[in-house]
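Text of the file protein-v2.csv, holding CSV, C-alpha atoms and all ligand atoms:
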```
chain,number,residue,atom,x,y,z
A,1,MET,CA,84.1,175.4,11.5
A,2,VAL,CA,86.9,176.1,14.0
A,3,TYR,CA,89.1,178.0,11.5
A,4,HIS,CA,86.4,180.6,10.9
A,5,ILE,CA,86.5,181.8,14.5
A,6,PRO,CA,88.1,185.3,14.2
A,7,TRP,CA,90.3,185.3,17.3
A,8,ILE,CA,92.3,182.3,16.3
A,9,TYR,CA,95.8,183.3,15.3
A,10,THR,CA,96.0,183.2,11.5
A,11,PRO,CA,98.8,180.6,11.1
A,12,VAL,CA,96.8,178.3,13.4
A,13,ARG,CA,93.7,178.9,11.3
A,14,THR,CA,95.6,178.1,8.1
A,15,VAL,CA,97.0,174.8,9.6
A,16,LEU,CA,93.5,173.8,10.7
A,17,ALA,CA,92.1,174.6,7.3
A,18,ILE,CA,94.8,172.5,5.5
A,19,TRP,CA,94.2,169.8,8.0
A,20,HIS,CA,90.5,169.7,7.4
A,21,GLN,CA,91.1,169.8,3.6
A,22,LEU,CA,93.6,166.9,4.0
A,23,THR,CA,91.0,164.8,5.8
A,24,LYS,CA,88.5,165.5,3.1
A,25,THR,CA,90.8,164.4,0.3
A,26,GLU,CA,92.5,161.6,2.2
A,27,MET,CA,89.2,160.1,3.5
A,28,PRO,CA,86.4,161.1,1.2
A,29,GLU,CA,84.4,158.1,2.6
A,30,LEU,CA,83.8,160.2,5.8
A,31,ALA,CA,81.8,162.7,3.7
A,32,LYS,CA,79.1,160.2,2.7
A,33,CYS,CA,75.6,161.1,4.0
A,34,SER,CA,75.3,157.7,5.8
A,35,VAL,CA,78.2,158.8,8.1
A,36,LEU,CA,77.1,160.7,11.2
A,37,MET,CA,79.3,162.4,13.7
A,38,ARG,CA,78.5,164.3,16.8
A,39,GLU,CA,81.9,166.1,16.7
A,40,ARG,CA,83.6,165.9,13.3
A,41,SER,CA,86.5,167.9,14.5
A,42,ARG,CA,87.2,165.6,17.4
A,43,VAL,CA,87.1,162.6,15.1
A,44,GLU,CA,89.5,164.2,12.7
A,45,GLU,CA,91.9,165.2,15.5
A,46,THR,CA,91.8,161.6,16.9
A,47,ILE,CA,92.6,160.1,13.5
A,48,HIS,CA,95.4,162.5,13.0
A,49,ALA,CA,96.9,161.8,16.4
A,50,MET,CA,96.7,158.1,15.7
A,51,GLN,CA,98.4,158.6,12.3
A,52,ARG,CA,101.2,160.5,13.9
A,53,ALA,CA,101.7,157.8,16.5
A,54,GLY,CA,101.8,155.1,13.7
A,55,ALA,CA,100.6,151.6,13.3
A,56,GLY,CA,102.8,150.4,16.1
A,57,SER,CA,100.6,152.2,18.7
A,58,LEU,CA,97.4,150.9,17.3
A,59,GLN,CA,95.0,148.1,18.1
A,60,VAL,CA,91.6,147.4,16.7
A,61,ILE,CA,88.8,145.9,18.8
A,62,SER,CA,85.7,144.7,16.9
A,63,ASP,CA,82.5,142.9,17.6
A,64,PHE,CA,81.7,140.2,15.1
A,65,ASP,CA,78.0,139.5,14.4
A,66,MET,CA,76.4,142.4,12.4
A,67,THR,CA,79.7,144.4,12.7
A,68,LEU,CA,82.2,142.4,10.7
A,69,THR,CA,79.4,140.4,9.2
A,70,ARG,CA,76.6,142.0,7.1
A,71,PHE,CA,73.2,142.7,8.6
A,72,ALA,CA,71.3,141.8,5.5
A,73,HIS,CA,71.9,140.9,1.8
A,74,ASN,CA,69.3,141.2,-1.0
A,75,GLY,CA,66.7,142.0,1.6
A,76,LYS,CA,67.3,138.9,3.7
A,77,ARG,CA,68.9,138.8,7.1
A,78,VAL,CA,72.4,137.4,7.2
A,79,PRO,CA,72.7,134.7,9.9
A,80,THR,CA,74.6,135.4,13.1
A,81,THR,CA,77.0,132.7,14.4
A,82,HIS,CA,74.2,131.3,16.6
A,83,ASN,CA,71.9,131.2,13.6
A,84,ILE,CA,74.4,129.5,11.4
A,85,LEU,CA,73.9,126.5,13.7
A,86,ASP,CA,70.3,126.3,12.4
A,87,ASN,CA,71.2,123.4,10.0
A,88,ARG,CA,69.8,119.9,10.1
A,89,LEU,CA,73.4,118.5,10.2
A,90,LEU,CA,73.5,120.0,13.7
A,91,ILE,CA,70.1,120.5,15.2
A,92,ASN,CA,66.6,119.1,14.8
A,93,GLU,CA,63.4,120.9,13.8
A,94,ASP,CA,62.1,121.3,17.3
A,95,CYS,CA,65.4,123.0,18.4
A,96,THR,CA,65.1,125.3,15.3
A,97,ARG,CA,61.6,126.3,16.3
A,98,LYS,CA,62.5,127.0,19.9
A,99,MET,CA,65.6,129.0,19.0
A,100,ARG,CA,63.5,131.1,16.6
A,101,GLU,CA,60.9,131.7,19.3
A,102,LEU,CA,63.7,132.9,21.6
A,103,LEU,CA,65.1,135.2,18.9
A,104,ASN,CA,61.7,136.7,18.3
A,105,THR,CA,61.2,137.3,22.0
A,106,TYR,CA,64.6,138.6,23.0
A,107,TYR,CA,66.2,140.3,19.9
A,108,PRO,CA,63.5,143.1,20.1
A,109,ILE,CA,64.5,143.6,23.7
A,110,GLU,CA,68.2,143.7,22.8
A,111,ILE,CA,67.7,146.6,20.4
A,112,ASP,CA,64.9,148.3,22.4
A,113,ALA,CA,65.9,152.0,22.6
A,114,SER,CA,63.4,152.6,25.5
A,115,ARG,CA,65.1,150.1,27.9
A,116,SER,CA,68.4,150.6,29.8
A,117,ALA,CA,71.3,148.2,29.5
A,118,GLU,CA,70.7,147.3,33.2
A,119,GLU,CA,67.2,146.3,32.4
A,120,LYS,CA,68.3,144.3,29.4
A,121,LEU,CA,71.2,142.5,31.1
A,122,PRO,CA,69.3,139.7,33.0
A,123,LEU,CA,67.1,139.1,30.0
A,124,MET,CA,70.1,138.6,27.8
A,125,VAL,CA,71.6,136.1,30.3
A,126,GLU,CA,68.2,134.3,30.1
A,127,TRP,CA,68.3,134.2,26.3
A,128,TRP,CA,71.9,133.0,25.9
A,129,THR,CA,71.5,130.4,28.7
A,130,LYS,CA,68.3,128.9,27.1
A,131,VAL,CA,69.9,128.8,23.7
A,132,HIS,CA,73.1,127.2,24.9
A,133,GLU,CA,71.1,124.6,26.9
A,134,LEU,CA,69.1,123.8,23.7
A,135,LEU,CA,72.3,123.4,21.7
A,136,ILE,CA,73.9,121.1,24.3
A,137,GLU,CA,70.8,118.9,24.1
A,138,GLN,CA,71.4,118.5,20.4
A,139,LYS,CA,74.8,116.7,20.8
A,140,ILE,CA,76.3,118.8,18.1
A,141,ARG,CA,79.4,117.2,16.5
A,142,ARG,CA,82.5,119.3,16.1
A,143,ASP,CA,83.3,117.8,12.7
A,144,MET,CA,80.0,119.1,11.3
A,145,LEU,CA,80.6,122.8,12.0
A,146,ALA,CA,82.6,123.5,8.9
A,147,HIS,CA,79.9,122.0,6.7
A,148,ALA,CA,77.2,124.1,8.4
A,149,VAL,CA,79.2,127.3,7.8
A,150,LYS,CA,79.8,126.3,4.2
A,151,GLU,CA,76.0,125.7,3.7
A,152,SER,CA,75.0,128.9,5.4
A,153,SER,CA,74.6,132.4,3.9
A,154,ALA,CA,77.1,133.9,6.4
A,155,MET,CA,78.7,136.9,4.9
A,156,LEU,CA,81.4,139.3,6.0
A,157,ARG,CA,80.9,143.0,5.1
A,158,ASP,CA,82.0,144.2,1.7
A,159,GLY,CA,85.6,145.3,1.9
A,160,TYR,CA,86.5,142.7,4.5
A,161,LYS,CA,89.6,141.5,2.5
A,162,VAL,CA,91.1,145.0,2.6
A,163,PHE,CA,90.3,145.4,6.3
A,164,PHE,CA,91.8,142.1,7.4
A,165,GLU,CA,94.8,142.4,5.1
A,166,CYS,CA,95.6,146.0,6.0
A,167,LEU,CA,95.8,145.1,9.7
A,168,ALA,CA,97.8,141.9,9.1
A,169,GLU,CA,100.2,143.7,6.8
A,170,HIS,CA,100.9,146.5,9.4
A,171,GLN,CA,100.9,143.9,12.2
A,172,VAL,CA,98.1,145.7,14.0
A,173,PRO,CA,96.4,143.3,16.4
A,174,LEU,CA,92.7,142.7,15.8
A,175,LEU,CA,90.8,141.6,18.9
A,176,ILE,CA,87.4,140.2,17.8
A,177,PHE,CA,85.2,140.3,20.9
A,178,SER,CA,82.0,138.4,20.3
A,179,ALA,CA,79.0,137.2,22.2
A,180,GLY,CA,78.4,134.7,19.4
A,181,VAL,CA,79.9,131.2,19.1
A,182,GLY,CA,83.7,131.3,18.9
A,183,ASP,CA,84.1,128.0,17.0
A,184,VAL,CA,81.6,129.2,14.3
A,185,LEU,CA,83.2,132.7,14.1
A,186,GLU,CA,86.6,131.1,13.5
A,187,GLU,CA,85.3,128.9,10.8
A,188,VAL,CA,83.6,131.9,9.0
A,189,ILE,CA,86.9,133.9,8.9
A,190,ARG,CA,88.9,130.7,8.0
A,191,GLN,CA,86.6,129.9,5.1
A,192,ASN,CA,87.0,133.6,3.9
A,193,HIS,CA,90.8,133.1,4.0
A,194,VAL,CA,91.4,136.0,6.3
A,195,PHE,CA,92.4,134.2,9.6
A,196,HIS,CA,95.8,135.9,10.0
A,197,PRO,CA,98.1,135.6,12.9
A,198,ASN,CA,97.3,139.1,14.2
A,199,ILE,CA,93.8,138.0,15.2
A,200,HIS,CA,92.8,137.3,18.8
A,201,ILE,CA,89.3,136.2,19.7
A,202,ILE,CA,87.3,136.4,22.9
A,203,SER,CA,83.9,134.6,22.5
A,204,ASN,CA,81.7,131.7,23.7
A,205,TYR,CA,83.6,128.6,22.8
A,206,MET,CA,82.1,125.1,22.7
A,207,ASP,CA,83.5,122.4,24.9
A,208,PHE,CA,83.5,119.0,23.2
A,209,ASP,CA,84.0,115.6,24.9
A,210,GLN,CA,86.6,113.1,23.7
A,211,THR,CA,84.3,111.8,21.0
A,212,GLY,CA,83.8,115.4,19.6
A,213,VAL,CA,80.3,115.9,20.9
A,214,LEU,CA,79.2,119.3,22.4
A,215,GLN,CA,78.9,118.9,26.2
A,216,ALA,CA,79.1,122.5,27.5
A,217,PHE,CA,80.3,126.0,26.8
A,218,LYS,CA,83.6,127.0,28.1
A,219,GLY,CA,84.3,129.8,30.7
A,220,GLN,CA,82.1,132.7,31.6
A,221,LEU,CA,79.1,133.4,29.3
A,222,ILE,CA,79.5,136.5,27.1
A,223,HIS,CA,76.4,138.3,26.0
A,224,THR,CA,75.9,141.7,24.5
A,225,PHE,CA,75.8,143.6,27.7
A,226,ASN,CA,78.6,142.1,29.8
A,227,LYS,CA,81.6,142.7,27.5
A,228,ARG,CA,83.2,145.0,30.1
A,229,GLU,CA,83.8,142.0,32.4
A,230,GLY,CA,85.3,140.0,29.5
A,231,ALA,CA,87.5,143.0,28.6
A,232,LEU,CA,88.8,143.3,32.1
A,233,SER,CA,89.4,139.6,32.7
A,234,HIS,CA,90.7,138.5,29.2
A,235,ALA,CA,91.6,141.3,26.9
A,236,ALA,CA,93.6,143.2,29.6
A,237,GLY,CA,95.9,140.1,29.9
A,238,LEU,CA,96.7,139.8,26.2
A,239,ARG,CA,100.4,140.5,25.8
A,240,GLU,CA,100.1,141.4,22.1
A,241,LEU,CA,97.8,144.3,22.9
A,242,GLN,CA,100.1,145.8,25.5
A,243,GLY,CA,101.8,149.2,24.7
A,244,ARG,CA,99.2,150.0,22.0
A,245,PRO,CA,97.3,152.9,23.5
A,246,ASN,CA,95.4,153.9,20.4
A,247,VAL,CA,92.2,152.0,19.8
A,248,VAL,CA,89.7,151.8,16.9
A,249,LEU,CA,86.6,150.1,18.3
A,250,MET,CA,83.8,148.8,16.1
A,251,GLY,CA,80.4,147.5,17.1
A,252,ASP,CA,76.7,147.5,16.3
A,253,SER,CA,75.4,147.5,19.9
A,254,LEU,CA,75.7,150.1,22.7
A,255,GLY,CA,77.0,147.1,24.8
A,256,ASP,CA,80.0,146.9,22.4
A,257,LEU,CA,81.3,150.3,23.7
A,258,THR,CA,82.8,148.6,26.8
A,259,MET,CA,85.0,146.3,24.7
A,260,ALA,CA,88.0,148.6,25.2
A,261,ASP,CA,87.6,148.8,29.0
A,262,GLY,CA,90.6,146.5,29.5
A,263,VAL,CA,93.0,148.7,27.6
A,264,SER,CA,95.5,150.1,30.1
A,265,GLU,CA,96.2,153.9,29.8
A,266,PRO,CA,94.4,154.4,26.5
A,267,GLN,CA,95.5,157.6,24.6
A,268,ASN,CA,93.2,157.9,21.6
A,269,VAL,CA,90.0,155.9,21.3
A,270,LEU,CA,87.8,156.1,18.2
A,271,THR,CA,84.5,154.3,18.3
A,272,ILE,CA,82.6,153.4,15.2
A,273,GLY,CA,79.0,152.2,15.5
A,274,PHE,CA,77.0,150.3,12.8
A,275,LEU,CA,73.4,151.3,13.0
A,276,ASN,CA,71.7,148.5,11.2
A,277,ASP,CA,68.2,148.3,12.5
A,278,GLN,CA,65.5,150.5,14.2
A,279,VAL,CA,67.4,153.5,12.7
A,280,GLU,CA,65.1,156.4,13.7
A,281,GLU,CA,64.5,155.1,17.2
A,282,ARG,CA,68.2,154.6,18.0
A,283,LYS,CA,69.9,157.3,15.9
A,284,GLU,CA,70.1,159.8,18.7
A,285,SER,CA,71.6,157.4,21.3
A,286,TYR,CA,74.1,156.1,18.7
A,287,ILE,CA,75.3,159.6,17.8
A,288,ASN,CA,75.6,160.4,21.5
A,289,SER,CA,77.5,157.2,22.2
A,290,PHE,CA,79.8,156.4,19.2
A,291,ASP,CA,82.2,158.9,17.6
A,292,VAL,CA,81.2,157.8,14.1
A,293,VAL,CA,77.9,156.2,13.2
A,294,LEU,CA,77.3,154.3,10.0
A,295,VAL,CA,73.7,154.2,9.0
A,296,LYS,CA,72.6,151.1,7.0
A,297,ASP,CA,76.1,150.7,5.6
A,298,GLU,CA,76.8,147.1,4.7
A,299,THR,CA,80.5,147.9,3.9
A,300,LEU,CA,83.7,148.3,5.8
A,301,ASP,CA,84.6,151.3,3.5
A,302,VAL,CA,84.7,153.9,6.3
A,303,PRO,CA,86.8,151.8,8.8
A,304,ASN,CA,89.1,150.9,5.8
A,305,ALA,CA,89.6,154.6,4.9
A,306,ILE,CA,90.4,155.4,8.5
A,307,LEU,CA,92.8,152.5,8.9
A,308,ARG,CA,94.4,153.2,5.5
A,309,TYR,CA,95.1,156.8,6.7
A,310,ILE,CA,96.4,155.9,10.1
A,311,THR,CA,98.8,153.3,8.7
A,312,SER,CA,99.7,155.4,5.7
A,313,SER,CA,103.1,157.0,6.5
A,314,ARG,CA,104.8,155.9,9.7
A,315,ASP,CA,105.2,152.2,10.1
A,316,GLU,CA,107.0,150.7,13.1
B,401,LIG,P1,78.1,139.6,18.7
B,401,LIG,O1,78.6,140.0,20.1
B,401,LIG,O2,79.2,139.0,17.9
B,401,LIG,O3,77.4,140.7,18.0
B,401,LIG,O4,77.0,138.4,18.9
B,401,LIG,C1,75.8,138.6,19.6
B,401,LIG,C2,74.7,138.7,18.6
B,401,LIG,O5,74.1,137.4,18.5
B,401,LIG,C3,73.6,139.5,19.3
B,401,LIG,O6,73.3,140.6,18.5
B,401,LIG,C4,72.3,138.6,19.3
B,401,LIG,C5,72.7,137.5,18.4
B,401,LIG,N1,72.1,136.2,18.8
B,401,LIG,C6,71.4,135.5,17.8
B,401,LIG,O7,71.3,135.9,16.7
B,401,LIG,N2,70.8,134.3,18.1
B,401,LIG,C7,70.9,133.7,19.4
B,401,LIG,O8,70.4,132.7,19.6
B,401,LIG,C8,71.6,134.5,20.4
B,401,LIG,C9,71.8,133.9,21.8
B,401,LIG,C10,72.2,135.7,20.0
B,402,MG,MG,77.0,142.5,17.1
```

Please go through the file and, once you have read it, give me the structure as structure tokens.
Amino acid sequence: MVYHIPWIYTPVRTVLAIWHQLTKTEMPELAKCSVLMRERSRVEETIHAMQRAGAGSLQVISDFDMTLTRFAHNGKRVPTTHNILDNRLLINEDCTRKMRELLNTYYPIEIDASRSAEEKLPLMVEWWTKVHELLIEQKIRRDMLAHAVKESSAMLRDGYKVFFECLAEHQVPLLIFSAGVGDVLEEVIRQNHVFHPNIHIISNYMDFDQTGVLQAFKGQLIHTFNKREGALSHAAGLRELQGRPNVVLMGDSLGDLTMADGVSEPQNVLTIGFLNDQVEERKESYINSFDVVLVKDETLDVPNAILRYITSSRDE
């Protein structure tokens, strides 16, 4: 550890030791064995710098599916926003079958550690485009979405109430940046009673005709590997995020790391990656890419501990 290096001047060593001890006692969640860090000292320094700057300098940018929502529950996969639409109120059996086939084909590609993001990109466009075309054919009705969410097994991660409430209380903007379906995502957070005014969402939104039937998807398609473009074109323009140079970014895909690319003059950026699936194959690349990696952790305990600490003393 840094404070064991003999040439460091004693008072500096003492301060660093106290600092390290403080982190341990303030955030014991970071000591769990499911928490991996390439450079623990850098993580601690970043968190301390964010705490000194206060909640007024902070923004949180998070992915939705499999980041704010659980990956699995009781051994069963929790549905993503696209999969919540797999309900007879909305789509027929044939569409379900085709969407499952597409999921089985393209999801393994999305998480394949041996392929580059460049290689995956056109295949992700193919997947999303095919699924959206299928959904449009189904003439989905807007007024059925809330029922589908209610009947689904959608689940936010344990600790979600603390997470959403902490950010709302300290007026820290939360940008949810999702390649899922925006209308469904909104309904999930609404039904969990955490849709607070500090939330901003960038996602694929459905476009309904005057009779409330799905006719298209709005704007430019967002998939897992083009979030950078969305960040530059949408997030950069959000007034509420201006003047907040400290960013906690949360995601479950390496593509999520570009979600903060629209932040102008960032000062401290802390990236937290949920490693849900294909753990051994992807562990190395996640440790090399995210500052904090959470292995098969279905809770928001670690982000909550970090946010609790950052927002603890100085509120603006
Ligand atoms: P996210 O950006 O909120 O994580 O949403 C994207 C996830 O949605 C991505 O991991 C793949 C998943 N997905 C499905 O589960 N089913 C689908 O049909 C599509 C197109 C994506
Ligand atoms: Mg995700």

(request) May I ask which of the residues A:Met144, A:Ile201, A:Val295, A:Leu102 is the closest one to ligand LIG 401 (chain B), counting only C-alpha atoms and all ligand atoms? (result) A:Leu102

(request) Mind checking which residues fall within 8 Å of Ile61 (chain A), counting all atoms listed in the file, ignoring those fewer than 6 positions away in the same chain, and posting them as a PyMOL selection string? (result) chain A and resi 174-177+247-250+259-260

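The smallest atom-to-atom distance between Ser233 (chain A) and any of A:Gln220, A:Ser285, A:Thr271, A:Gln278, using all atoms listed in the file, is found for A:Gln220.
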
(request) May I ask you to write as an MDAnalysis selection string all residues lying at most 10 Å from ligand MG 402 (chain B), with only C-alpha atoms and all ligand atoms counted? (result) chainID A and resid 62:69 71 80 177:180 223:224 250:256 274 276

Could you take the residues named above and write them with C-alpha atoms, as a short mmCIF file (atom, residue, chain, number, x, y, z; two decimals), in the frame of the given file?
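What landed in out.cif:
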```cif
data_model
loop_
_atom_site.label_atom_id
_atom_site.label_comp_id
_atom_site.auth_asym_id
_atom_site.auth_seq_id
_atom_site.Cartn_x
_atom_site.Cartn_y
_atom_site.Cartn_z
CA SER A 62 85.70 144.70 16.90
CA ASP A 63 82.50 142.90 17.60
CA PHE A 64 81.70 140.20 15.10
CA ASP A 65 78.00 139.50 14.40
CA MET A 66 76.40 142.40 12.40
CA THR A 67 79.70 144.40 12.70
CA LEU A 68 82.20 142.40 10.70
CA THR A 69 79.40 140.40 9.20
CA PHE A 71 73.20 142.70 8.60
CA THR A 80 74.60 135.40 13.10
CA PHE A 177 85.20 140.30 20.90
CA SER A 178 82.00 138.40 20.30
CA ALA A 179 79.00 137.20 22.20
CA GLY A 180 78.40 134.70 19.40
CA HIS A 223 76.40 138.30 26.00
CA THR A 224 75.90 141.70 24.50
CA MET A 250 83.80 148.80 16.10
CA GLY A 251 80.40 147.50 17.10
CA ASP A 252 76.70 147.50 16.30
CA SER A 253 75.40 147.50 19.90
CA LEU A 254 75.70 150.10 22.70
CA GLY A 255 77.00 147.10 24.80
CA ASP A 256 80.00 146.90 22.40
CA PHE A 274 77.00 150.30 12.80
CA ASN A 276 71.70 148.50 11.20
#
```

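A straight line drawn from CA of Glu26 (chain A) to CA of Ala305 (chain A) is 8.0 Å long.
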
(request) Skip Gln171 (chain A) itself and residues of its chain fewer than 4 positions away, then list as a VMD selection string all residues within 9 Å of it, counting all atoms listed in the file. (result) chain A and resid 55 to 56 166 to 167 197 to 198

Set the distance at 7 Å and use all atoms listed in the file: which residues neighbour region 38-45 of chain A once local chain neighbours fewer than 4 positions away are removed? I'd like the list as a short mmCIF file (atom, residue, chain, number, x, y, z; two decimals) with C-alpha atoms, in the coordinates of the input.
```
data_model
loop_
_atom_site.label_atom_id
_atom_site.label_comp_id
_atom_site.auth_asym_id
_atom_site.auth_seq_id
_atom_site.Cartn_x
_atom_site.Cartn_y
_atom_site.Cartn_z
CA ALA A 49 96.90 161.80 16.40
CA ILE A 287 75.30 159.60 17.80
CA ASN A 288 75.60 160.40 21.50
CA ASP A 291 82.20 158.90 17.60
#
```

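Take CA of Gly273 (chain A) and CA of Glu298 (chain A): the distance between them is 12.1 Å.
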
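Among the candidate residues A:Val78, A:Ala113, A:Cys33, A:Ile202, the one lying nearest to Arg282 (chain A) is A:Ala113, with distances computed using all atoms listed in the file.
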
(request) Pick out the residues sitting within 10 Å of Leu145 (chain A), and hand them over as a ChimeraX atom specification; count only C-alpha atoms, and ignore anything fewer than 5 positions along from it in its own chain. (result) /A:84-85,87,89-90,140,150-151,183-184,187

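Counting only C-alpha atoms and all ligand atoms, the residue from A:Pro266, A:Gly237, A:Gly212, A:Pro108 that sits nearest to ligand LIG 401 (chain B) is A:Pro108.
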
(message) Residues within 6 Å of Ser57 (chain A), please, as a list in words. Count all atoms listed in the file; anything in the same chain fewer than 5 positions from it doesn't count.
(response) Arg244, Pro245 and Asn246 of chain A

Can you write out the residues you just picked, keeping C-alpha atoms, as a PDB file, keeping the file's coordinate frame?
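Done, and the output landed in selection18.pdb:
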```pdb
ATOM      1  CA  ARG A 244      99.200 150.000  22.000  1.00  0.00           C
ATOM      2  CA  PRO A 245      97.300 152.900  23.500  1.00  0.00           C
ATOM      3  CA  ASN A 246      95.400 153.900  20.400  1.00  0.00           C
TER       4      ASN A 246
END
```

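The closest residue to Glu110 (chain A), picked from A:Gln51, A:Ala235, A:Gln215, A:Asp277 and counting all atoms listed in the file, is A:Asp277.
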
(request) For CA of Glu119 (chain A) and CA of Tyr106 (chain A), determine how far apart the two atoms are, in Å to one decimal place. (result) 12.4 Å
